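S.K.: Submitted below is the structure of interest, expressed as structure tokens.
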Amino acid sequence: MKLNSAGYFVYFEKNDFNHLNHFLKEHSFSNIFILCDKNTQKYCLPLFFKENKVLKGANVFSISSGEKHKTLDTALTCWNFLLNNNADKNSLLICLGGGVVCDLGGFIASTFKRGMHFVNVPTTLLATADASVGGKNGIDFNGYKNLIGTITQPEGVFINDFFLKTLPVRHIKNGFAEIVKAALIGDKKLWKKFLSLSKLPETNLTSFIHDSVSVKNKVVLKDPTEKNIRKILNFGHTAGHAIETHFLDKKNSLLHGEAIAIGICVELCLGKILTLTSPKIAMEAFLFFKKHYILQFFSEKEIEIFIGLMQHDKKNKNGELNFALIEDVAKPLINISASAQDIKEAFTLYNNLLV
Ligand SMILES: NC(=O)c1ccc[n+]([C@@H]2O[C@H](COP(=O)([O-])OP(=O)(O)OC[C@H]3O[C@@H](n4cnc5c(N)ncnc54)[C@H](O)[C@@H]3O)[C@@H](O)[C@H]2O)c1
């Protein structure tokens, strides 16, 4: 199974890497590099080599795992590794990992010598269902999420859900947040399926991954460089990124999807306050997240900090805070501006709905 994306294919492999092997045979790369993090080196690389004997001689380099390492310092280490190992424009970088490895790997590959080849082999639910597709890559900078990066499409995405077997349950739930977002912005049938679940599944995730990638891919194909409708993929992310950023260096740090789940709830409240989101879907979706995720109460001080962080969001224009919301399921709204007062009210409504 494959999906045609913006100049490349997203392949759904079946417990093997036939498509990747074919891709490698079709190209004659001068050199092959594999970027991992400490966990994907341990859990995924052996499986990957087993299925891709031809890659055994590739140059493997590994970064520390987690969002805290999606930084310029890590990018510098990677560029040095590529330089010291004679990478050139005809070399291939395989990003074998979650959203952090795919985002960072895509960034280093798209900038090294003004661009070398790269493909994504995602290994988390979040990356298989979302982050590996669409060509957005980058690093966090000075505490702000994804502040520096490029939109450069990979030359292939090779999805194989056998990697998910070693993924901790917390990370499965984390990935589901982006799949639920995909349902809310673009797939009524998938949303109905979510509503029927008493618990988020932990295995047999292929159809969820496929549906999520299909929603994202359709949007990306219409607007690869985010001039317009692609902004809807940021639903939940203006508030979510601020929350994720604030907690990043705290003891109780949140995973990306956990912050996005909360961000979606806050933005559903915002849509309700601005009378843009149907109160029925706002409540239905809020209750869904309340049932499956840990939604925490925020103090006034924290809300002020979040608003301060949102002021640096990439979607803002002329100092106005900009949101992507929904009117209803599969009815997206983009370029919605909101004042700091509106956002405060949205957080207050969010807090009130928790009790
Ligand atoms: N580019 C995009 O379009 C896009 C979209 C959504 C999210 N993102 C980004 O994705 C990132 C989050 O991605 P993530 O949740 O995958 O985080 P991650 O890459 O940090 O992976 C989560 C954890 O799982 C480990 N891991 C990965 N695969 C494993 C496996 N198969 N078995 C065991 N452990 C494994 C990793 O080492 C890490 O500790 C954020 O930086 C976010 O901004 C990007």
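In the structure tokens, chains take the letters A, B, ... in the order shown, each chain's residues start at 1, and ligands count up from 1 in the order shown.
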So which residues touch Gly134 of chain A within 9 Å, counting only C-alpha atoms, skipping near sequence neighbours fewer than 4 positions away, as an MDAnalysis selection string?
M.R.: chainID A and resid 5:6 130 151:154 216:217 220:221 224
S.K.: Grab me every residue within 8 Å of ligand 1, counting only C-alpha atoms and all ligand atoms, and send it over as a PyMOL selection string.
M.R.: chain A and resi 37-40+43-44+64-67+70+97-103+122-127+130-139+145-146+163-168+171+174-175+178+255-257
S.K.: Between A:Leu333, A:Val121, A:Asn86, A:Phe12, single out the one closest to Leu45 of chain A, counting only C-alpha atoms.
M.R.: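 That would be A:Val121, the residue with the smallest distance to Leu45 of chain A.
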S.K.: DSSP on the backbone, strand (DSSP E or B) only: what residues of segment 77-309 of chain A does that give? Format it as a list in words.
M.R.: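 Here are the strand (DSSP E or B) residues of segment 77-309 of chain A: Leu92, Leu93, Ile94, Cys95, Leu96, Gly97, His117, Phe118, Val119, Asn120, Val121, Pro122, Lys136, Asn137, Gly138, Ile139, Asp140, Phe141, Tyr144, Lys145, Asn146, Leu147, Ile148, Gly149, Thr150, Ile151, Val157, Phe158 and Ile159 of chain A.
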S.K.: Got a sec to tell me which of segment 54-87 of chain A DSSP assigns to helix (DSSP H, G or I), as a PyMOL selection string?
M.R.: chain A and resi 54-57+67-69+72-84
S.K.: Can you spit out the residues from that selection as a PDB file, in the first residue's frame, using C-alpha atoms?
M.R.:
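In the end it all went to result-v9.pdb:
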ATOM      1  CA  VAL A  54      22.464  -4.128   2.246  1.00  0.00           C
ATOM      2  CA  LEU A  55      22.513  -1.394   4.908  1.00  0.00           C
ATOM      3  CA  LYS A  56      24.899  -3.181   7.270  1.00  0.00           C
ATOM      4  CA  GLY A  57      27.834  -1.109   6.053  1.00  0.00           C
ATOM      5  CA  GLU A  67      12.671  16.696  22.851  1.00  0.00           C
ATOM      6  CA  LYS A  68      15.393  18.267  25.022  1.00  0.00           C
ATOM      7  CA  HIS A  69      17.897  17.200  22.365  1.00  0.00           C
ATOM      8  CA  LEU A  72      21.203  23.380  17.539  1.00  0.00           C
ATOM      9  CA  ASP A  73      23.917  21.654  19.601  1.00  0.00           C
ATOM     10  CA  THR A  74      22.673  18.243  18.435  1.00  0.00           C
ATOM     11  CA  ALA A  75      22.430  19.504  14.853  1.00  0.00           C
ATOM     12  CA  LEU A  76      26.059  20.697  15.063  1.00  0.00           C
ATOM     13  CA  THR A  77      27.171  17.247  16.223  1.00  0.00           C
ATOM     14  CA  CYS A  78      25.324  15.679  13.296  1.00  0.00           C
ATOM     15  CA  TRP A  79      26.709  18.068  10.687  1.00  0.00           C
ATOM     16  CA  ASN A  80      30.218  17.359  12.064  1.00  0.00           C
ATOM     17  CA  PHE A  81      29.605  13.627  11.807  1.00  0.00           C
ATOM     18  CA  LEU A  82      28.465  13.975   8.196  1.00  0.00           C
ATOM     19  CA  LEU A  83      31.457  16.161   7.331  1.00  0.00           C
ATOM     20  CA  ASN A  84      33.986  13.895   9.046  1.00  0.00           C
TER      21      ASN A  84
END
S.K.: Between atom CA of Gly143 of chain A and atom CA of His241 of chain A, what distance in Å does the model show, to one decimal?
M.R.: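 Separation between atom CA of Gly143 of chain A and atom CA of His241 of chain A: 10.8 Å.
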S.K.: So which one's closest to Lys181 of chain A, A:Ile336, A:Ile260, A:Leu197, A:Leu270? Using only C-alpha atoms, please.
M.R.: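 Closest to Lys181 of chain A of all the choices is A:Ile260.
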S.K.: Set the distance at 12 Å and use only C-alpha atoms: which residues neighbour Lys53 of chain A once local chain neighbours fewer than 2 positions away are removed? I'd like the list as a PyMOL selection string.
M.R.: chain A and resi 16-18+20-21+24+45-51+55-58
S.K.: May I ask for the distance between atom CA of Leu274 of chain A and atom CA of Thr245 of chain A, given in Å to one decimal place?
M.R.: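 Going from atom CA of Leu274 of chain A over to atom CA of Thr245 of chain A covers 25.4 Å.
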S.K.: With distances taken over only C-alpha atoms, which of A:Ile209, A:Leu268, A:Ile32, A:Ile273 is nearest to Asn59 of chain A?
M.R.: A:Ile32
S.K.: Using only C-alpha atoms, which of A:Tyr144, A:Phe112, A:Glu258, A:Ala340 sits nearest Glu304 of chain A?
M.R.: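 Of all the options, A:Ala340 lies closest to Glu304 of chain A.
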S.K.: Report, in Å with one decimal, the straight-line distance from atom CA of Lys251 of chain A to atom CA of Lys291 of chain A.
M.R.: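 Between atom CA of Lys251 of chain A and atom CA of Lys291 of chain A the gap works out to 24.1 Å.
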S.K.: For Ser198 of chain A, which residue among A:Phe288, A:Ile305, A:Leu354, A:Gly149 is the nearest when counting only C-alpha atoms?
M.R.: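 For Ser198 of chain A, the nearest of the given residues is A:Phe288.
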S.K.: Determine the nearest neighbour of Pro279 of chain A from the options A:Ala182, A:Val329, A:Ala177, A:Cys95, counting only C-alpha atoms.
M.R.: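 Counting only C-alpha atoms, the residue closest to Pro279 of chain A is A:Val329.
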